[in-house]
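Remarks on the structure that follows.
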Amino acid sequence: VRIAPLSPIKPPEGHKDVFDVKDMEKSSPVVVSESSKIFPSARFFMACLLCMCFISLSVATSNLSLSMVCMVRKTSNNTMEKQDNSSCPKKFVDDEGVSVVPCSESNKVDWTPTEQGFVFAAQNFGSLTMLLTGSHADKLNGKWCITVALVLLVISNAMIPLVATASVWWVFAFRVLAGVGDSFLFPSASSMISRWFPPKERPFAIGFVTGGRQIGSLLILPVAGVLCSNSSNGFGGWPAIFYLSAIVAVIFLLIWLIASADKPSKHCCVRAREEEYIARKIEEESLGKRTERGRPPWKEIFTSRPLIVSIFALVCHEYPLVIMLQLLPKYFSDVLQLSSTTNGLISALPIAVLWVSKTLSSSLASLLTANQKMGKTTSCKLFNLVASLGLGICVGVTPFMSSASDPAPAIIVLCLANAFAGLHTPGVQTALIQLAPAFSGIVTGLSFSVVAVFSIINKLLSNTILSTGSTDEWFIVFEISAVVALLPVIFFTLWGSAERQPWASKEKKPDPDAKSETLSENTTVVALAKFSMYLSHQVAPPKQ
């Protein structure tokens, strides 16, 4: 019997799960190359649930931006008579004598610009606890941490209408509570993204999940504008905005409790193939189990140049967004003189552009890195460069377009600024997650705590400058933000990175005995593979 000579085996067309012997000899251990579509999948469902949580956060926090416009009584050199807050009508003394406040405005408050600044900054004071929650997010159950966050948001929004007329500092306290909720949500979500999504899918996941902040603003701002305009009827006015936000948080809390899971192995709907795919891809990062990671490498974290550069790039990104997200309705009211209903609709427009931009750019970044068209660091630097440059220019140009008679140019430029701001998601925000997947909660907590400090400074400074809301005062606020936005063009482009840092994984030292055992196993596997290839060939018929 004559055996036909061996010839190379060609894999079936369209089939990817085939071993290459040469690759098998080089790699250790042998792994089947397998992919798992993100849609439909359990991890995409989890992304939707996390996005829903960020929607709830945004509804519960961004509601203040428009509420402040209609809950604070606009007076000029007026002083309220000190009397019982429950009395109606109220009186105040102006330059011409005594005026009467109608009962429809009896629930409005008289806060100074400084007090308004503290109320705006209260959420950031609460977010400073992210230093604590972030350091434990990678070891705690993310599902229950986010549950705590949603409960705090419900309490905060339900209580503000009840205490607002009593004292501004009660409102400050409950806004701080909302910030504490934020500090539970963000690090826990970042840690869950690291456990649910392989590295190449994370830019998409981050953009999709955090896009909930923009969706929440899109939902609440137009509704808030309508409620502000109908303060005279039974269900309306600024208190209804906070009650509605609390109801939304309760609904999302119930959905989250029923349908979410901390990791793939605990989810009831995840398929075995998808669970194995996620586990293998994450295992390649050497993250290890949360309970086995030991103490975080604090010295390496605080001295890591890529991390420090990314944190301050994030600060420069978030600083102008204070105008875009929280002070924008006030700008439209002070300078462009829009009505409450129109203000709510137009304020949502730049935020819609931001959401579309970050979603599309994050998907594009995932596509580029997955197909190896661009490295992770190159991708993050490129997106961040375009984002910072475009955002800074647009913010700086906006004051020159401000006109109450023709507000369209200013609105268009602000929409363009938010389009550029969306590119920061596949930029610096993705870089922060990629630097240390095993400590993503710590990195997120540290980063956004620093952001919170600068946001407090920003809001207090901006509201102090905007004592009368004049065009000149807004010019100063916009130009300061433009300069800050442009800074990452230099330092992040030069020193930024999205590569996993050496301190971010605790790889065990190789054991010589284990290594020799692995080599022996691999030799056996290769031999069996060759033998199977030999047997798979046809046996030639004998010569006659």
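Quick note on naming: the chains in the structure tokens go A, B, ... in the order shown, residues restart at 1 in each chain, and ligands are numbered from 1 in order of appearance.
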Leaving out A:Val443 and any residue of its chain fewer than 3 positions from it, which residues lie within 10 Å of it when counting only C-alpha atoms, given as a PDB file with all heavy atoms, in the first residue's frame?
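Contents of selection.pdb, freshly written:
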```pdb
ATOM      1  N   LEU A 131     -13.283  59.173  45.641  1.00  0.00           N
ATOM      2  CA  LEU A 131     -11.968  58.689  46.085  1.00  0.00           C
ATOM      3  C   LEU A 131     -12.119  57.423  46.926  1.00  0.00           C
ATOM      4  O   LEU A 131     -11.306  56.498  46.823  1.00  0.00           O
ATOM      5  CB  LEU A 131     -11.271  59.773  46.906  1.00  0.00           C
ATOM      6  CG  LEU A 131     -10.612  60.913  46.127  1.00  0.00           C
ATOM      7  CD1 LEU A 131     -10.173  62.009  47.091  1.00  0.00           C
ATOM      8  CD2 LEU A 131      -9.434  60.394  45.329  1.00  0.00           C
ATOM      9  N   GLY A 134     -14.365  54.655  44.599  1.00  0.00           N
ATOM     10  CA  GLY A 134     -13.564  54.152  43.494  1.00  0.00           C
ATOM     11  C   GLY A 134     -12.511  53.163  43.933  1.00  0.00           C
ATOM     12  O   GLY A 134     -12.221  52.182  43.232  1.00  0.00           O
ATOM     13  N   SER A 135     -11.928  53.383  45.111  1.00  0.00           N
ATOM     14  CA  SER A 135     -10.878  52.479  45.594  1.00  0.00           C
ATOM     15  C   SER A 135     -11.424  51.109  45.967  1.00  0.00           C
ATOM     16  O   SER A 135     -10.659  50.149  46.086  1.00  0.00           O
ATOM     17  CB  SER A 135     -10.171  53.107  46.806  1.00  0.00           C
ATOM     18  OG  SER A 135     -11.080  53.289  47.875  1.00  0.00           O
ATOM     19  N   PRO A 187     -17.688  54.735  39.157  1.00  0.00           N
ATOM     20  CA  PRO A 187     -16.638  53.708  39.287  1.00  0.00           C
ATOM     21  C   PRO A 187     -17.173  52.292  39.132  1.00  0.00           C
ATOM     22  O   PRO A 187     -16.501  51.434  38.548  1.00  0.00           O
ATOM     23  CB  PRO A 187     -16.081  53.943  40.697  1.00  0.00           C
ATOM     24  CG  PRO A 187     -16.481  55.335  41.048  1.00  0.00           C
ATOM     25  CD  PRO A 187     -17.795  55.559  40.364  1.00  0.00           C
ATOM     26  N   SER A 190     -17.690  51.579  35.459  1.00  0.00           N
ATOM     27  CA  SER A 190     -16.396  51.372  34.791  1.00  0.00           C
ATOM     28  C   SER A 190     -15.838  49.995  35.096  1.00  0.00           C
ATOM     29  O   SER A 190     -15.308  49.310  34.213  1.00  0.00           O
ATOM     30  CB  SER A 190     -15.407  52.451  35.227  1.00  0.00           C
ATOM     31  OG  SER A 190     -15.848  53.739  34.852  1.00  0.00           O
ATOM     32  N   SER A 191     -15.951  49.583  36.347  1.00  0.00           N
ATOM     33  CA  SER A 191     -15.464  48.257  36.726  1.00  0.00           C
ATOM     34  C   SER A 191     -16.270  47.156  36.046  1.00  0.00           C
ATOM     35  O   SER A 191     -15.712  46.144  35.603  1.00  0.00           O
ATOM     36  CB  SER A 191     -15.542  48.110  38.257  1.00  0.00           C
ATOM     37  OG  SER A 191     -14.995  46.882  38.674  1.00  0.00           O
ATOM     38  N   ILE A 301       0.444  54.122  40.997  1.00  0.00           N
ATOM     39  CA  ILE A 301      -0.707  54.845  40.472  1.00  0.00           C
ATOM     40  C   ILE A 301      -0.479  56.351  40.525  1.00  0.00           C
ATOM     41  O   ILE A 301      -0.684  57.064  39.544  1.00  0.00           O
ATOM     42  CB  ILE A 301      -1.982  54.466  41.265  1.00  0.00           C
ATOM     43  CG1 ILE A 301      -2.396  53.022  40.939  1.00  0.00           C
ATOM     44  CG2 ILE A 301      -3.130  55.429  40.946  1.00  0.00           C
ATOM     45  CD1 ILE A 301      -3.565  52.511  41.758  1.00  0.00           C
ATOM     46  N   LEU A 307      -1.170  58.189  33.463  1.00  0.00           N
ATOM     47  CA  LEU A 307      -2.392  58.385  34.237  1.00  0.00           C
ATOM     48  C   LEU A 307      -2.563  59.854  34.615  1.00  0.00           C
ATOM     49  O   LEU A 307      -3.662  60.424  34.491  1.00  0.00           O
ATOM     50  CB  LEU A 307      -2.372  57.514  35.488  1.00  0.00           C
ATOM     51  CG  LEU A 307      -3.589  57.633  36.417  1.00  0.00           C
ATOM     52  CD1 LEU A 307      -4.878  57.320  35.669  1.00  0.00           C
ATOM     53  CD2 LEU A 307      -3.440  56.725  37.627  1.00  0.00           C
ATOM     54  N   ILE A 311      -5.658  62.240  33.442  1.00  0.00           N
ATOM     55  CA  ILE A 311      -6.552  62.884  34.413  1.00  0.00           C
ATOM     56  C   ILE A 311      -6.694  64.370  34.109  1.00  0.00           C
ATOM     57  O   ILE A 311      -7.812  64.916  34.096  1.00  0.00           O
ATOM     58  CB  ILE A 311      -6.034  62.665  35.848  1.00  0.00           C
ATOM     59  CG1 ILE A 311      -6.225  61.195  36.256  1.00  0.00           C
ATOM     60  CG2 ILE A 311      -6.754  63.588  36.831  1.00  0.00           C
ATOM     61  CD1 ILE A 311      -5.646  60.850  37.611  1.00  0.00           C
ATOM     62  N   LEU A 432      -8.251  56.171  29.805  1.00  0.00           N
ATOM     63  CA  LEU A 432      -8.263  55.934  31.248  1.00  0.00           C
ATOM     64  C   LEU A 432      -8.683  54.507  31.587  1.00  0.00           C
ATOM     65  O   LEU A 432      -8.110  53.884  32.489  1.00  0.00           O
ATOM     66  CB  LEU A 432      -9.209  56.931  31.927  1.00  0.00           C
ATOM     67  CG  LEU A 432      -8.653  58.338  32.160  1.00  0.00           C
ATOM     68  CD1 LEU A 432      -9.771  59.289  32.577  1.00  0.00           C
ATOM     69  CD2 LEU A 432      -7.563  58.309  33.218  1.00  0.00           C
ATOM     70  N   ILE A 433      -9.654  53.971  30.862  1.00  0.00           N
ATOM     71  CA  ILE A 433     -10.103  52.599  31.118  1.00  0.00           C
ATOM     72  C   ILE A 433      -9.038  51.595  30.685  1.00  0.00           C
ATOM     73  O   ILE A 433      -8.837  50.559  31.336  1.00  0.00           O
ATOM     74  CB  ILE A 433     -11.426  52.328  30.377  1.00  0.00           C
ATOM     75  CG1 ILE A 433     -12.538  53.237  30.915  1.00  0.00           C
ATOM     76  CG2 ILE A 433     -11.841  50.870  30.526  1.00  0.00           C
ATOM     77  CD1 ILE A 433     -12.928  52.969  32.331  1.00  0.00           C
ATOM     78  N   LEU A 435      -5.748  51.980  30.570  1.00  0.00           N
ATOM     79  CA  LEU A 435      -4.474  52.032  31.284  1.00  0.00           C
ATOM     80  C   LEU A 435      -4.370  50.950  32.347  1.00  0.00           C
ATOM     81  O   LEU A 435      -3.291  50.378  32.547  1.00  0.00           O
ATOM     82  CB  LEU A 435      -4.291  53.411  31.941  1.00  0.00           C
ATOM     83  CG  LEU A 435      -3.971  54.586  31.015  1.00  0.00           C
ATOM     84  CD1 LEU A 435      -3.935  55.880  31.812  1.00  0.00           C
ATOM     85  CD2 LEU A 435      -2.652  54.371  30.288  1.00  0.00           C
ATOM     86  N   ALA A 436      -5.450  50.680  33.044  1.00  0.00           N
ATOM     87  CA  ALA A 436      -5.416  49.729  34.153  1.00  0.00           C
ATOM     88  C   ALA A 436      -6.763  49.052  34.308  1.00  0.00           C
ATOM     89  O   ALA A 436      -7.545  49.397  35.203  1.00  0.00           O
ATOM     90  CB  ALA A 436      -5.018  50.436  35.446  1.00  0.00           C
ATOM     91  N   PRO A 437      -7.092  48.087  33.438  1.00  0.00           N
ATOM     92  CA  PRO A 437      -8.401  47.425  33.530  1.00  0.00           C
ATOM     93  C   PRO A 437      -8.657  46.772  34.882  1.00  0.00           C
ATOM     94  O   PRO A 437      -9.785  46.750  35.359  1.00  0.00           O
ATOM     95  CB  PRO A 437      -8.334  46.384  32.408  1.00  0.00           C
ATOM     96  CG  PRO A 437      -7.303  46.887  31.459  1.00  0.00           C
ATOM     97  CD  PRO A 437      -6.292  47.596  32.302  1.00  0.00           C
ATOM     98  N   ALA A 438      -7.603  46.258  35.511  1.00  0.00           N
ATOM     99  CA  ALA A 438      -7.779  45.593  36.802  1.00  0.00           C
ATOM    100  C   ALA A 438      -8.137  46.567  37.909  1.00  0.00           C
ATOM    101  O   ALA A 438      -8.705  46.192  38.934  1.00  0.00           O
ATOM    102  CB  ALA A 438      -6.506  44.830  37.178  1.00  0.00           C
ATOM    103  N   PHE A 439      -7.812  47.840  37.709  1.00  0.00           N
ATOM    104  CA  PHE A 439      -8.082  48.864  38.718  1.00  0.00           C
ATOM    105  C   PHE A 439      -8.893  49.998  38.112  1.00  0.00           C
ATOM    106  O   PHE A 439      -8.685  51.172  38.428  1.00  0.00           O
ATOM    107  CB  PHE A 439      -6.762  49.401  39.288  1.00  0.00           C
ATOM    108  CG  PHE A 439      -5.875  48.335  39.875  1.00  0.00           C
ATOM    109  CD1 PHE A 439      -4.773  47.870  39.180  1.00  0.00           C
ATOM    110  CD2 PHE A 439      -6.168  47.782  41.113  1.00  0.00           C
ATOM    111  CE1 PHE A 439      -3.953  46.888  39.710  1.00  0.00           C
ATOM    112  CE2 PHE A 439      -5.363  46.794  41.653  1.00  0.00           C
ATOM    113  CZ  PHE A 439      -4.249  46.341  40.955  1.00  0.00           C
ATOM    114  N   SER A 440      -9.827  49.641  37.239  1.00  0.00           N
ATOM    115  CA  SER A 440     -10.608  50.667  36.545  1.00  0.00           C
ATOM    116  C   SER A 440     -11.450  51.488  37.511  1.00  0.00           C
ATOM    117  O   SER A 440     -11.650  52.687  37.318  1.00  0.00           O
ATOM    118  CB  SER A 440     -11.506  50.014  35.492  1.00  0.00           C
ATOM    119  OG  SER A 440     -12.341  49.026  36.081  1.00  0.00           O
ATOM    120  N   LEU A 446     -10.402  58.185  41.192  1.00  0.00           N
ATOM    121  CA  LEU A 446      -9.368  59.201  41.329  1.00  0.00           C
ATOM    122  C   LEU A 446      -9.538  60.301  40.282  1.00  0.00           C
ATOM    123  O   LEU A 446      -9.461  61.499  40.594  1.00  0.00           O
ATOM    124  CB  LEU A 446      -7.990  58.547  41.191  1.00  0.00           C
ATOM    125  CG  LEU A 446      -6.772  59.477  41.244  1.00  0.00           C
ATOM    126  CD1 LEU A 446      -6.704  60.181  42.594  1.00  0.00           C
ATOM    127  CD2 LEU A 446      -5.490  58.693  40.984  1.00  0.00           C
ATOM    128  N   SER A 447      -9.800  59.901  39.048  1.00  0.00           N
ATOM    129  CA  SER A 447      -9.910  60.863  37.948  1.00  0.00           C
ATOM    130  C   SER A 447     -11.064  61.830  38.165  1.00  0.00           C
ATOM    131  O   SER A 447     -10.899  63.058  38.079  1.00  0.00           O
ATOM    132  CB  SER A 447     -10.096  60.129  36.619  1.00  0.00           C
ATOM    133  OG  SER A 447      -9.043  59.227  36.385  1.00  0.00           O
ATOM    134  N   PHE A 448     -12.237  61.286  38.459  1.00  0.00           N
ATOM    135  CA  PHE A 448     -13.404  62.146  38.574  1.00  0.00           C
ATOM    136  C   PHE A 448     -13.463  62.875  39.920  1.00  0.00           C
ATOM    137  O   PHE A 448     -14.213  63.844  40.048  1.00  0.00           O
ATOM    138  CB  PHE A 448     -14.673  61.341  38.317  1.00  0.00           C
ATOM    139  CG  PHE A 448     -14.915  61.108  36.858  1.00  0.00           C
ATOM    140  CD1 PHE A 448     -14.418  59.982  36.224  1.00  0.00           C
ATOM    141  CD2 PHE A 448     -15.596  62.039  36.095  1.00  0.00           C
ATOM    142  CE1 PHE A 448     -14.613  59.771  34.875  1.00  0.00           C
ATOM    143  CE2 PHE A 448     -15.808  61.844  34.742  1.00  0.00           C
ATOM    144  CZ  PHE A 448     -15.309  60.707  34.122  1.00  0.00           C
ATOM    145  N   SER A 449     -12.687  62.456  40.897  1.00  0.00           N
ATOM    146  CA  SER A 449     -12.546  63.261  42.105  1.00  0.00           C
ATOM    147  C   SER A 449     -11.764  64.533  41.804  1.00  0.00           C
ATOM    148  O   SER A 449     -12.114  65.620  42.280  1.00  0.00           O
ATOM    149  CB  SER A 449     -11.846  62.456  43.207  1.00  0.00           C
ATOM    150  OG  SER A 449     -12.631  61.360  43.609  1.00  0.00           O
TER     151      SER A 449
END
```
For stretch 194-200 of chain A, work out the shell of residues within 6 Å, counting only C-alpha atoms and skipping chain neighbours fewer than 4 positions away, then give it as a list in words.
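Skipping anything fewer than 4 positions along the chain leaves Lys281, Ile282, Ser366, Ala370 and Pro437 of chain A.
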Nearest residue to A:Phe184 out of A:Thr129, A:Ser467, A:Ser405, A:Ser310, using only C-alpha atoms?
A:Thr129
Skip A:Ile346 itself and residues of its chain fewer than 6 positions away, then list as a PyMOL selection string all residues within 9 Å of it, counting only C-alpha atoms.
chain A and resi 221-222+329+332+338+411
Excluding stretch 254-266 of chain A and any residue of its chain fewer than 5 positions from it, enumerate the residues within 8 Å of it, using only C-alpha atoms, and give them as number ranges by chain.
A: 43, 46, 49, 53, 141-143, 147, 192, 195-196, 275, 278
Can you work out the spacing between atom CA of A:His267 and atom CA of A:Val248 in Å, to one decimal?
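Spanning atom CA of A:His267 to atom CA of A:Val248 is a straight-line distance of 24.4 Å.
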Mind checking DSSP for stretch 226-411 of chain A and telling me the helix (DSSP H, G or I) residues as an mmCIF file with C-alpha atoms, in the first residue's frame?
```cif
data_model
loop_
_atom_site.group_PDB
_atom_site.id
_atom_site.type_symbol
_atom_site.label_atom_id
_atom_site.label_comp_id
_atom_site.auth_asym_id
_atom_site.auth_seq_id
_atom_site.Cartn_x
_atom_site.Cartn_y
_atom_site.Cartn_z
ATOM 1 C CA VAL A 226 -42.924 73.013 29.808
ATOM 2 C CA LEU A 227 -43.384 72.508 33.559
ATOM 3 C CA CYS A 228 -41.699 75.826 34.287
ATOM 4 C CA SER A 229 -44.039 77.603 31.890
ATOM 5 C CA TRP A 238 -40.193 73.705 39.309
ATOM 6 C CA PRO A 239 -41.170 71.258 42.145
ATOM 7 C CA ALA A 240 -42.800 68.947 39.577
ATOM 8 C CA ILE A 241 -39.430 68.655 37.788
ATOM 9 C CA PHE A 242 -37.792 67.101 40.852
ATOM 10 C CA TYR A 243 -40.736 64.836 41.639
ATOM 11 C CA LEU A 244 -40.734 63.559 38.054
ATOM 12 C CA SER A 245 -36.983 62.893 38.267
ATOM 13 C CA ALA A 246 -37.504 60.852 41.427
ATOM 14 C CA ILE A 247 -40.244 58.778 39.752
ATOM 15 C CA VAL A 248 -37.961 58.027 36.776
ATOM 16 C CA ALA A 249 -35.205 56.886 39.162
ATOM 17 C CA VAL A 250 -37.631 54.556 40.995
ATOM 18 C CA ILE A 251 -38.733 52.907 37.724
ATOM 19 C CA PHE A 252 -35.157 52.370 36.554
ATOM 20 C CA LEU A 253 -34.174 51.075 39.996
ATOM 21 C CA LEU A 254 -36.785 48.303 39.805
ATOM 22 C CA ILE A 255 -35.664 47.309 36.287
ATOM 23 C CA TRP A 256 -32.026 47.269 37.391
ATOM 24 C CA LEU A 257 -32.728 45.040 40.390
ATOM 25 C CA ILE A 258 -34.581 42.479 38.271
ATOM 26 C CA ALA A 259 -32.481 42.325 35.098
ATOM 27 C CA PRO A 264 -21.405 37.337 33.104
ATOM 28 C CA SER A 265 -21.290 34.198 35.244
ATOM 29 C CA LYS A 266 -24.131 35.557 37.402
ATOM 30 C CA ALA A 272 -22.253 29.542 27.536
ATOM 31 C CA ARG A 273 -20.331 30.462 24.384
ATOM 32 C CA GLU A 274 -20.521 34.178 25.133
ATOM 33 C CA GLU A 275 -19.528 33.671 28.783
ATOM 34 C CA GLU A 276 -16.476 31.623 27.738
ATOM 35 C CA TYR A 277 -15.535 34.222 25.116
ATOM 36 C CA ILE A 278 -15.663 37.086 27.639
ATOM 37 C CA ALA A 279 -13.774 35.082 30.273
ATOM 38 C CA ARG A 280 -11.002 34.142 27.823
ATOM 39 C CA LYS A 281 -10.553 37.647 26.465
ATOM 40 C CA ILE A 282 -10.413 39.177 29.930
ATOM 41 C CA GLU A 283 -8.082 36.424 31.157
ATOM 42 C CA ARG A 290 -11.102 40.616 42.348
ATOM 43 C CA THR A 291 -10.546 38.881 45.680
ATOM 44 C CA GLU A 292 -6.983 37.881 44.745
ATOM 45 C CA TRP A 298 -0.770 53.213 45.163
ATOM 46 C CA LYS A 299 2.775 54.469 44.632
ATOM 47 C CA GLU A 300 2.777 53.395 40.988
ATOM 48 C CA ILE A 301 -0.707 54.845 40.472
ATOM 49 C CA PHE A 302 0.156 58.280 41.838
ATOM 50 C CA ARG A 305 2.814 59.770 33.978
ATOM 51 C CA PRO A 306 0.236 58.426 31.473
ATOM 52 C CA LEU A 307 -2.392 58.385 34.237
ATOM 53 C CA ILE A 308 -1.577 61.915 35.438
ATOM 54 C CA VAL A 309 -1.651 63.231 31.862
ATOM 55 C CA SER A 310 -4.998 61.527 31.209
ATOM 56 C CA ILE A 311 -6.552 62.884 34.413
ATOM 57 C CA PHE A 312 -5.682 66.479 33.587
ATOM 58 C CA ALA A 313 -6.800 65.998 29.995
ATOM 59 C CA LEU A 314 -10.137 64.823 31.422
ATOM 60 C CA VAL A 315 -10.276 67.940 33.617
ATOM 61 C CA CYS A 316 -9.744 70.130 30.548
ATOM 62 C CA HIS A 317 -12.508 68.221 28.754
ATOM 63 C CA GLU A 318 -15.039 68.476 31.589
ATOM 64 C CA TYR A 319 -14.357 72.139 32.415
ATOM 65 C CA PRO A 320 -16.097 73.606 29.305
ATOM 66 C CA LEU A 321 -18.937 71.089 29.665
ATOM 67 C CA VAL A 322 -20.071 72.948 32.791
ATOM 68 C CA ILE A 323 -21.274 75.639 30.383
ATOM 69 C CA MET A 324 -22.660 73.095 27.915
ATOM 70 C CA LEU A 325 -24.598 71.032 30.445
ATOM 71 C CA GLN A 326 -25.464 73.150 33.485
ATOM 72 C CA LEU A 327 -25.102 76.837 32.647
ATOM 73 C CA LEU A 328 -26.459 76.649 29.111
ATOM 74 C CA PRO A 329 -30.127 77.366 30.037
ATOM 75 C CA LYS A 330 -28.965 80.363 32.084
ATOM 76 C CA TYR A 331 -26.961 81.639 29.085
ATOM 77 C CA PHE A 332 -29.983 81.257 26.807
ATOM 78 C CA SER A 333 -32.106 83.136 29.341
ATOM 79 C CA ASP A 334 -29.617 85.926 30.164
ATOM 80 C CA SER A 340 -38.791 78.829 29.403
ATOM 81 C CA THR A 341 -40.412 76.440 26.901
ATOM 82 C CA THR A 342 -38.082 77.453 24.061
ATOM 83 C CA ASN A 343 -35.137 77.363 26.442
ATOM 84 C CA GLY A 344 -35.831 73.742 27.363
ATOM 85 C CA LEU A 345 -36.067 72.646 23.739
ATOM 86 C CA ILE A 346 -33.009 74.557 22.517
ATOM 87 C CA SER A 347 -30.906 73.515 25.544
ATOM 88 C CA ALA A 348 -31.502 69.880 24.575
ATOM 89 C CA LEU A 349 -30.239 70.410 21.015
ATOM 90 C CA PRO A 350 -26.465 70.706 21.753
ATOM 91 C CA ILE A 351 -26.743 67.751 24.126
ATOM 92 C CA ALA A 352 -28.355 65.660 21.381
ATOM 93 C CA VAL A 353 -25.418 66.492 19.129
ATOM 94 C CA LEU A 354 -23.010 65.459 21.897
ATOM 95 C CA TRP A 355 -24.742 62.092 22.279
ATOM 96 C CA VAL A 356 -24.712 61.345 18.536
ATOM 97 C CA SER A 357 -21.066 62.398 18.272
ATOM 98 C CA LYS A 358 -19.772 60.264 21.152
ATOM 99 C CA THR A 359 -21.793 57.211 20.048
ATOM 100 C CA LEU A 360 -20.630 57.312 16.420
ATOM 101 C CA SER A 361 -17.017 58.194 17.234
ATOM 102 C CA SER A 362 -16.782 55.421 19.852
ATOM 103 C CA SER A 363 -18.087 52.868 17.347
ATOM 104 C CA LEU A 364 -15.593 54.119 14.760
ATOM 105 C CA ALA A 365 -12.726 53.849 17.245
ATOM 106 C CA SER A 366 -13.707 50.276 18.141
ATOM 107 C CA LEU A 367 -13.821 49.388 14.451
ATOM 108 C CA LEU A 368 -10.386 50.894 13.766
ATOM 109 C CA THR A 369 -8.691 49.155 16.689
ATOM 110 C CA ALA A 370 -10.480 45.824 16.166
ATOM 111 C CA LYS A 376 -4.978 52.031 20.856
ATOM 112 C CA THR A 377 -2.738 54.932 21.807
ATOM 113 C CA THR A 378 -2.748 56.427 18.307
ATOM 114 C CA SER A 379 -6.518 56.209 18.162
ATOM 115 C CA CYS A 380 -7.013 57.896 21.544
ATOM 116 C CA LYS A 381 -4.537 60.668 20.763
ATOM 117 C CA LEU A 382 -6.043 61.395 17.352
ATOM 118 C CA PHE A 383 -9.634 61.583 18.582
ATOM 119 C CA ASN A 384 -8.637 63.662 21.596
ATOM 120 C CA LEU A 385 -6.579 66.077 19.483
ATOM 121 C CA VAL A 386 -9.495 66.824 17.161
ATOM 122 C CA ALA A 387 -11.886 67.041 20.129
ATOM 123 C CA SER A 388 -9.849 69.512 22.193
ATOM 124 C CA LEU A 389 -8.929 71.696 19.236
ATOM 125 C CA GLY A 390 -12.481 71.915 17.894
ATOM 126 C CA LEU A 391 -14.072 72.386 21.323
ATOM 127 C CA GLY A 392 -11.694 75.170 22.319
ATOM 128 C CA ILE A 393 -12.176 77.108 19.086
ATOM 129 C CA CYS A 394 -15.977 76.828 19.137
ATOM 130 C CA VAL A 395 -16.289 77.853 22.799
ATOM 131 C CA GLY A 396 -14.003 80.824 22.185
ATOM 132 C CA VAL A 397 -16.026 81.971 19.153
ATOM 133 C CA THR A 398 -19.461 81.681 20.807
ATOM 134 C CA PRO A 399 -19.487 85.097 22.604
ATOM 135 C CA PHE A 400 -18.917 86.872 19.296
ATOM 136 C CA MET A 401 -22.077 85.220 17.943
ATOM 137 C CA ALA A 408 -29.249 81.019 15.606
ATOM 138 C CA PRO A 409 -25.464 81.525 15.022
ATOM 139 C CA ALA A 410 -24.636 81.092 18.716
ATOM 140 C CA ILE A 411 -26.807 77.961 18.937
#
```
Between A:Ile442, A:Val477, A:Met68, A:Glu201, which has the minimum distance to A:Asn371 (counting only C-alpha atoms)?
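Ranking A:Ile442, A:Val477, A:Met68, A:Glu201 by distance to A:Asn371, first place goes to A:Glu201.
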List every residue of stretch 94-305 of chain A that DSSP, applied to the backbone of this structure, assigns to strand (DSSP E), and report them as a PyMOL selection string.
chain A and resi 94+97-101
Let me make sure I understand: among A:Val109, A:Leu64, A:Leu336, A:Ile476, which one has the smallest atom-to-atom distance to A:Ser167 if we use only C-alpha atoms?
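Checking each candidate against A:Ser167, we get A:Val109 as the closest.
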Kindly give the distance, in Å, that separates atom CA of A:Gly427 and atom CA of A:Arg500, rounded to a single decimal.
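According to the coordinates, atom CA of A:Gly427 and atom CA of A:Arg500 are separated by 15.1 Å.
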Looking at A:Ser304, A:Thr468, A:Ser56, A:Ser183, which one is nearest to A:Gly216, with distances taken over only C-alpha atoms?
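Selected residue with least distance to A:Gly216: A:Ser56.
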For A:Trp474, work out the shell of residues within 9 Å, counting only C-alpha atoms and skipping chain neighbours fewer than 4 positions away, then give it as a short mmCIF file (atom, residue, chain, number, x, y, z; two decimals) with N, CA, C and O atoms, in the first residue's frame.
```cif
data_model
loop_
_atom_site.label_atom_id
_atom_site.label_comp_id
_atom_site.auth_asym_id
_atom_site.auth_seq_id
_atom_site.Cartn_x
_atom_site.Cartn_y
_atom_site.Cartn_z
N TYR A 331 -27.50 80.82 30.19
CA TYR A 331 -26.96 81.64 29.08
C TYR A 331 -28.07 81.99 28.08
O TYR A 331 -28.18 83.14 27.64
N VAL A 335 -28.66 85.98 27.94
CA VAL A 335 -28.10 86.65 26.76
C VAL A 335 -29.04 86.56 25.56
O VAL A 335 -29.34 87.57 24.90
N PRO A 399 -19.07 83.75 22.16
CA PRO A 399 -19.49 85.10 22.60
C PRO A 399 -19.62 86.11 21.48
O PRO A 399 -20.40 87.06 21.59
N SER A 462 -17.65 80.87 38.01
CA SER A 462 -18.54 81.32 36.94
C SER A 462 -19.75 82.06 37.50
O SER A 462 -20.14 83.12 36.98
N ILE A 465 -18.71 85.49 38.66
CA ILE A 465 -18.52 86.40 37.52
C ILE A 465 -19.88 86.84 36.97
O ILE A 465 -20.08 88.01 36.64
N LEU A 466 -20.83 85.89 36.91
CA LEU A 466 -22.14 86.18 36.32
C LEU A 466 -23.09 86.80 37.35
O LEU A 466 -24.21 86.31 37.57
N GLY A 469 -25.39 88.61 34.79
CA GLY A 469 -25.70 87.86 33.58
C GLY A 469 -25.55 88.67 32.31
O GLY A 469 -26.17 88.35 31.28
N SER A 470 -24.68 89.67 32.33
CA SER A 470 -24.49 90.52 31.15
C SER A 470 -23.65 89.80 30.10
O SER A 470 -22.98 88.79 30.38
N PHE A 478 -16.79 82.25 28.90
CA PHE A 478 -16.53 81.46 27.70
C PHE A 478 -15.05 81.42 27.35
O PHE A 478 -14.51 80.37 26.98
N GLU A 479 -14.36 82.54 27.46
CA GLU A 479 -12.95 82.58 27.05
C GLU A 479 -12.06 81.80 28.01
O GLU A 479 -11.09 81.17 27.58
#
```
